[in-house]
Every structure is written in C-alpha cells, then in structure tokens.
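These notes are about the structure you will find just below.
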Amino acid sequence: MIRPAKEIAGVKWIETERLTPAERTQLQNDYGIDEDIVTYVTDKDESANYVHDINEDDQLFIFLAPYALDRTDLRFITRPFAILLHKGTLFTFNESGIREVNRALADAADNPEVDTVDAFILEALFSLMDSYIPISRDVSKKRNHLDKMLNRKAKNGDLIALSHLQQTLTFLSSATQINLNLLNRLPKTYFGQGADQDKRDLFEDVQIEAEQVQRMLEIETQVVDRIDHTFNNIANNNLNDTMKFLTIWSLTMAVPTIITGFYGMNVALPLSKMQDAWILVIIISVTLIVWLLIMLRVRHKM
C-alpha cells in the first residue's frame with residue numbers, strides 16, 4: 001500500500017506498507033528507485049544497516065522493530081523497516097505492517113520541534129526505541145506472575161509460557177543491541193557530517209534511549225534465564241526424590257516376594273509342616289524390611 005504523499009519539513013514523504021508487486025513497479029517507474037533498492041527495503045530478513053550512495057546521493061536506513069506473533073502471549077520477533085532519502089524525497093517502508101513503526105512515524109510527524117528531515121528520522125528512531133519499553137514491562141509482569149505460579153506448583157503450560165518469554169527476550173535484546181551499534185556508528189557517517197548542536201543532541205538522545213532499553217532487556221533476560229534454571233533444578237530434584245522413593249519401595253517389596261516365592265515351591269522346606277507357618281513368614285518379612293530401611297537410613301540413602 002502506498003499512502004497519499006505528505007510533507008515533512010518541506011520535503012515530500014511517501015509512506016508505504018506491505019507493497020504489492022504492482023506497487024513496487026510503480027515506485028520504480030514514478031520515482032526512479034532501482035529494483036535492487038526496492039528488493040532490499042522489502043526484505044523481511046534484512047538486518048539493521050545504513051547505506052549512502054555517493055553517485056545518487058541516496059541514504060538508506062534500516063532498523064529492527066518489534067513484530068508481534070501473539071500479543072496476548074507476548075510472543076515477539078523483530079522485523080526491519082526502512083527509511084530512504086532519494087532525490088529529495090523521503091520514503092518509509094513498513095513491509096511487515098508493524099504498528100509500533102506506524103506510531104513512531106506518526107509521533108515524529110506530529111512533533112512541533114521537527115523542522116528538518118534529519119530531525120524527523122532521529123525522532124522516529126527515538127520513538128521506535130521507546131516502543132520496546134512497554135513490551136519489556138509486560139514481559140516483567142508476566143515473568144512475576146509465572147514465578148509465583150511455578151513456586152506453588154510447576155505446570156507444563158507455565159513452563160512453556162516461560163520458554164516463550166525467553167524467546168521474545170532473545171529476539172528483542174539482540175535487535176536493540178544491533179540498533180544501538182548502528183546508532184553509535186551513524187554520527188561518523190555521511191548522515192552525521194556537519195551536524196549542528198541540535199542534531200548532535202538528537203543523536204545523543206536516541207543513543208541514550210537505545211542504551212537504556214538494551215540494559216532493561218538484558219536484565220530481564222538474565223532474570224528469566226535464572227528463573228528457568230532454578231525451576232529446572234527443582235524439577236530435577238523432584239524427579240530424583242521420586243526415583244529414590246520408587247527404588248526404596250521396590251527394594252522393600254522385593255523382600256516378601258522372595259520369601260513367599262521361596263516357600264511357594266512344591267518341595268519339603270523347613271517349618272513347612274507347622275500349622276501357623278504363614279505367620280512366621282510374615283514376621284520374617286517384616287523384620288527384614290525394617291532392617292533394610294534402618295540400613296538405608298544409616299547409610300544416608302533415605
């Protein structure tokens with residue numbers, strides 16, 4: 001979809017989302033964008049990057065944004081979105097239809113302090129970094145809830161939900177680190193050359209915000225990993241206790257089985273002529289079982 005053209009700081013802005021093949025061809029024909037560039041900016045597996053074409057004086061920005069697989073279960077991955085400055089026209093490509101990207105662009109466009117295209121780009125990136133924070137807070141709330149539930153009784157569903165949180169945090173933490181690396185590199189590129197004080201301040205603001213978000217997600221990842229590790233240990237200990245109980249129970253049940261099986265043979269045996277021999281067999285079995293349990297206790301096997 002190609003939305004109607006807008007204007008940002010006196011520059012034409014073409015906003016696109018989920019382009020069809022016909023719309024990709026339209027961009028190439030109407031605006032002279034190379035096919036390679038269109039393919040590049042619509043690649044959903046592309047990583048964060050900045051490219052400056054000296055010949056065309058084009059600038060291409062690609063950043064990673066959170067993409068929801070299931071917002072209810074907090075299952076997120078990351079997808080790229082692109083900003084292209086081409087022949088004096090601003091293009092934005094939100095190929096995955098990420099609502100956090102649309103909100104970031106809208107916030108930057110509505111900001112009265114945005115008076116240049118460069119300021120618009122940096123403000124949009126600042127808002128994008130901010131969009132990770134609510135997700136991190138929701139993850140923290142769900143992590144606390146799962147921690148309480150697992151402390152009471154570990155269920156498979158809760159463990160699966162904890163695993164989903166780990167996956168989400170892995171994607172988001174990795175993406176924020178990649179974005180931060182690019183933001184730290186941008187001031188040294190063509191985009192950062194000749195920056196005035198206002199632009200340098202914007203660079204610093206978005207870098208600080210990205211660092212804070214990255215630290216938040218890193219800490220949350222460590223906490224979730226430790227909770228997972230703790231409950232894995234608890235599950236292993238519970239399994240060991242269960243196996244110990246079953247082993248001891250099997251040993252104690254083996255004693256009467258052996259004795260009764262021995263006296264079940266159809267041959268002449270000691271005491272077999274006694275009228276109450278079965279009582280003696282029971283007494284012998286109980287005595288051996290008690291002795292076995294005492295020996296296991298003494299040897300710290302119980």
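Chain lettering (A, B, ...) mirrors the order of the structure tokens, residue numbering begins at 1 for each chain separately, and ligand numbering begins at 1 in order of display.
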Surrounding residues of region 111-117 of chain A excluding itself and chain neighbours under 4 positions, 7 Å, only C-alpha atoms, as a list in words:
Ile8, Ala9, Asp107 and Ile121 of chain A
List as an MDAnalysis selection string the protein and nucleic acid residues near region 58-64 of chain A, meaning an atom at most 6 Å away when only C-alpha atoms are counted, but skip any in the same chain fewer than 5 places from it.
chainID A and resid 48:53 78:86 175
Can I get the selected residues back with N, CA and C atoms, as a PDB file, in the first residue's frame?
```pdb
ATOM      1  N   ALA A  48      19.804  -4.462  10.533  1.00  0.00           N
ATOM      2  CA  ALA A  48      19.969  -3.010  10.608  1.00  0.00           C
ATOM      3  C   ALA A  48      21.212  -2.578   9.830  1.00  0.00           C
ATOM      4  N   ASN A  49      21.075  -1.472   9.114  1.00  0.00           N
ATOM      5  CA  ASN A  49      22.201  -1.027   8.274  1.00  0.00           C
ATOM      6  C   ASN A  49      21.973   0.419   7.836  1.00  0.00           C
ATOM      7  N   TYR A  50      23.060   1.048   7.409  1.00  0.00           N
ATOM      8  CA  TYR A  50      22.992   2.384   6.803  1.00  0.00           C
ATOM      9  C   TYR A  50      23.856   2.362   5.554  1.00  0.00           C
ATOM     10  N   VAL A  51      23.285   2.851   4.447  1.00  0.00           N
ATOM     11  CA  VAL A  51      23.996   2.867   3.168  1.00  0.00           C
ATOM     12  C   VAL A  51      23.862   4.252   2.555  1.00  0.00           C
ATOM     13  N   HIS A  52      25.005   4.784   2.081  1.00  0.00           N
ATOM     14  CA  HIS A  52      24.994   6.066   1.369  1.00  0.00           C
ATOM     15  C   HIS A  52      25.533   5.847  -0.034  1.00  0.00           C
ATOM     16  N   ASP A  53      24.674   6.121  -1.020  1.00  0.00           N
ATOM     17  CA  ASP A  53      25.071   6.014  -2.421  1.00  0.00           C
ATOM     18  C   ASP A  53      25.636   7.367  -2.858  1.00  0.00           C
ATOM     19  N   THR A  78      11.526  -9.815  15.632  1.00  0.00           N
ATOM     20  CA  THR A  78      11.820  -8.480  15.093  1.00  0.00           C
ATOM     21  C   THR A  78      11.841  -8.530  13.568  1.00  0.00           C
ATOM     22  N   ARG A  79      11.404  -7.452  12.983  1.00  0.00           N
ATOM     23  CA  ARG A  79      11.404  -7.303  11.526  1.00  0.00           C
ATOM     24  C   ARG A  79      11.984  -5.926  11.185  1.00  0.00           C
ATOM     25  N   PRO A  80      12.565  -5.777  10.008  1.00  0.00           N
ATOM     26  CA  PRO A  80      13.152  -4.488   9.639  1.00  0.00           C
ATOM     27  C   PRO A  80      12.121  -3.510   9.084  1.00  0.00           C
ATOM     28  N   PHE A  81      12.412  -2.238   9.246  1.00  0.00           N
ATOM     29  CA  PHE A  81      11.694  -1.211   8.492  1.00  0.00           C
ATOM     30  C   PHE A  81      12.750  -0.256   7.941  1.00  0.00           C
ATOM     31  N   ALA A  82      12.430   0.392   6.839  1.00  0.00           N
ATOM     32  CA  ALA A  82      13.446   1.162   6.121  1.00  0.00           C
ATOM     33  C   ALA A  82      12.997   2.597   5.891  1.00  0.00           C
ATOM     34  N   ILE A  83      13.995   3.486   5.866  1.00  0.00           N
ATOM     35  CA  ILE A  83      13.797   4.893   5.506  1.00  0.00           C
ATOM     36  C   ILE A  83      14.767   5.201   4.373  1.00  0.00           C
ATOM     37  N   LEU A  84      14.238   5.779   3.307  1.00  0.00           N
ATOM     38  CA  LEU A  84      15.059   6.078   2.134  1.00  0.00           C
ATOM     39  C   LEU A  84      14.928   7.549   1.771  1.00  0.00           C
ATOM     40  N   LEU A  85      16.069   8.218   1.652  1.00  0.00           N
ATOM     41  CA  LEU A  85      16.125   9.574   1.114  1.00  0.00           C
ATOM     42  C   LEU A  85      16.622   9.462  -0.323  1.00  0.00           C
ATOM     43  N   HIS A  86      15.701   9.715  -1.287  1.00  0.00           N
ATOM     44  CA  HIS A  86      16.022   9.507  -2.694  1.00  0.00           C
ATOM     45  C   HIS A  86      15.608  10.728  -3.509  1.00  0.00           C
ATOM     46  N   ALA A 175      18.000  -7.441  18.892  1.00  0.00           N
ATOM     47  CA  ALA A 175      17.650  -6.349  17.973  1.00  0.00           C
ATOM     48  C   ALA A 175      18.072  -4.994  18.530  1.00  0.00           C
TER      49      ALA A 175
END
```
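Relative to CA of Met149 (chain A), CA of Tyr67 (chain A) is found at 27.6 Å.
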May I ask which of the residues A:Lys87, A:Met216, A:Met1, A:Ile208 is the closest one to Asn55 (chain A), counting only C-alpha atoms?
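Looking at the shortest contact to Asn55 (chain A), the residue is A:Lys87.
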Taking only region 36-183 of chain A into account, list the residues labelled strand (DSSP E or B) by DSSP (computed from the backbone), as a PyMOL selection string.
chain A and resi 49-53+58-70+75-86+89-94
Interatomic distance between CA of Leu74 (chain A) and CA of Ala104 (chain A)?
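These atoms are spaced 20.1 Å apart.
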For CA of Asp225 (chain A) and CA of Ala68 (chain A), quote the distance in Å rounded to one decimal.
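Separation between CA of Asp225 (chain A) and CA of Ala68 (chain A): 21.5 Å.
Using only C-alpha atoms for every distance, the candidate list A:Leu146, A:Leu180, A:Leu69, A:Val38 yields A:Leu146 as the residue closest to Leu162 (chain A).
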Who sits within 8 Å of Pro4 (chain A), only C-alpha atoms, same chain under 2 positions skipped, as number ranges by chain
A: 2, 6, 14-15
May I have the selected residues written with C-alpha atoms, as a PDB file, in the first residue's frame?
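So part_12.pdb came out as:
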```
ATOM      1  CA  ILE A   2       1.278   3.441  -0.950  1.00  0.00           C
ATOM      2  CA  LYS A   6       2.626  14.073   2.859  1.00  0.00           C
ATOM      3  CA  ILE A  14       5.859   8.732   0.635  1.00  0.00           C
ATOM      4  CA  GLU A  15       4.750   6.206   3.266  1.00  0.00           C
TER       5      GLU A  15
END
```
Which of region 82-259 of chain A DSSP labels helix (DSSP H, G or I), written as a PyMOL selection string
chain A and resi 99-110+117-130+132-152+156-188+190-192+197-259
Interface rows for region 161-186 of chain A against region 226-248 of chain A: nearest pair, Å to one decimal, 12 Å, only C-alpha atoms, as CSV:
```
residue,atom,partner,partner_atom,distance
A:Ala161,CA,A:Asp228,CA,10.8
A:Leu162,CA,A:Asp228,CA,7.3
A:Ser163,CA,A:Asp228,CA,8.0
A:His164,CA,A:Asp228,CA,11.3
A:Leu165,CA,A:Asp228,CA,10.4
A:Gln166,CA,A:Asp228,CA,8.9
```
Find the residue from A:Glu7, A:Asp147, A:Glu46, A:Glu17 that sits nearest to Thr89 (chain A); use only C-alpha atoms when measuring.
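Among A:Glu7, A:Asp147, A:Glu46, A:Glu17, it is A:Glu7 that comes nearest to Thr89 (chain A).
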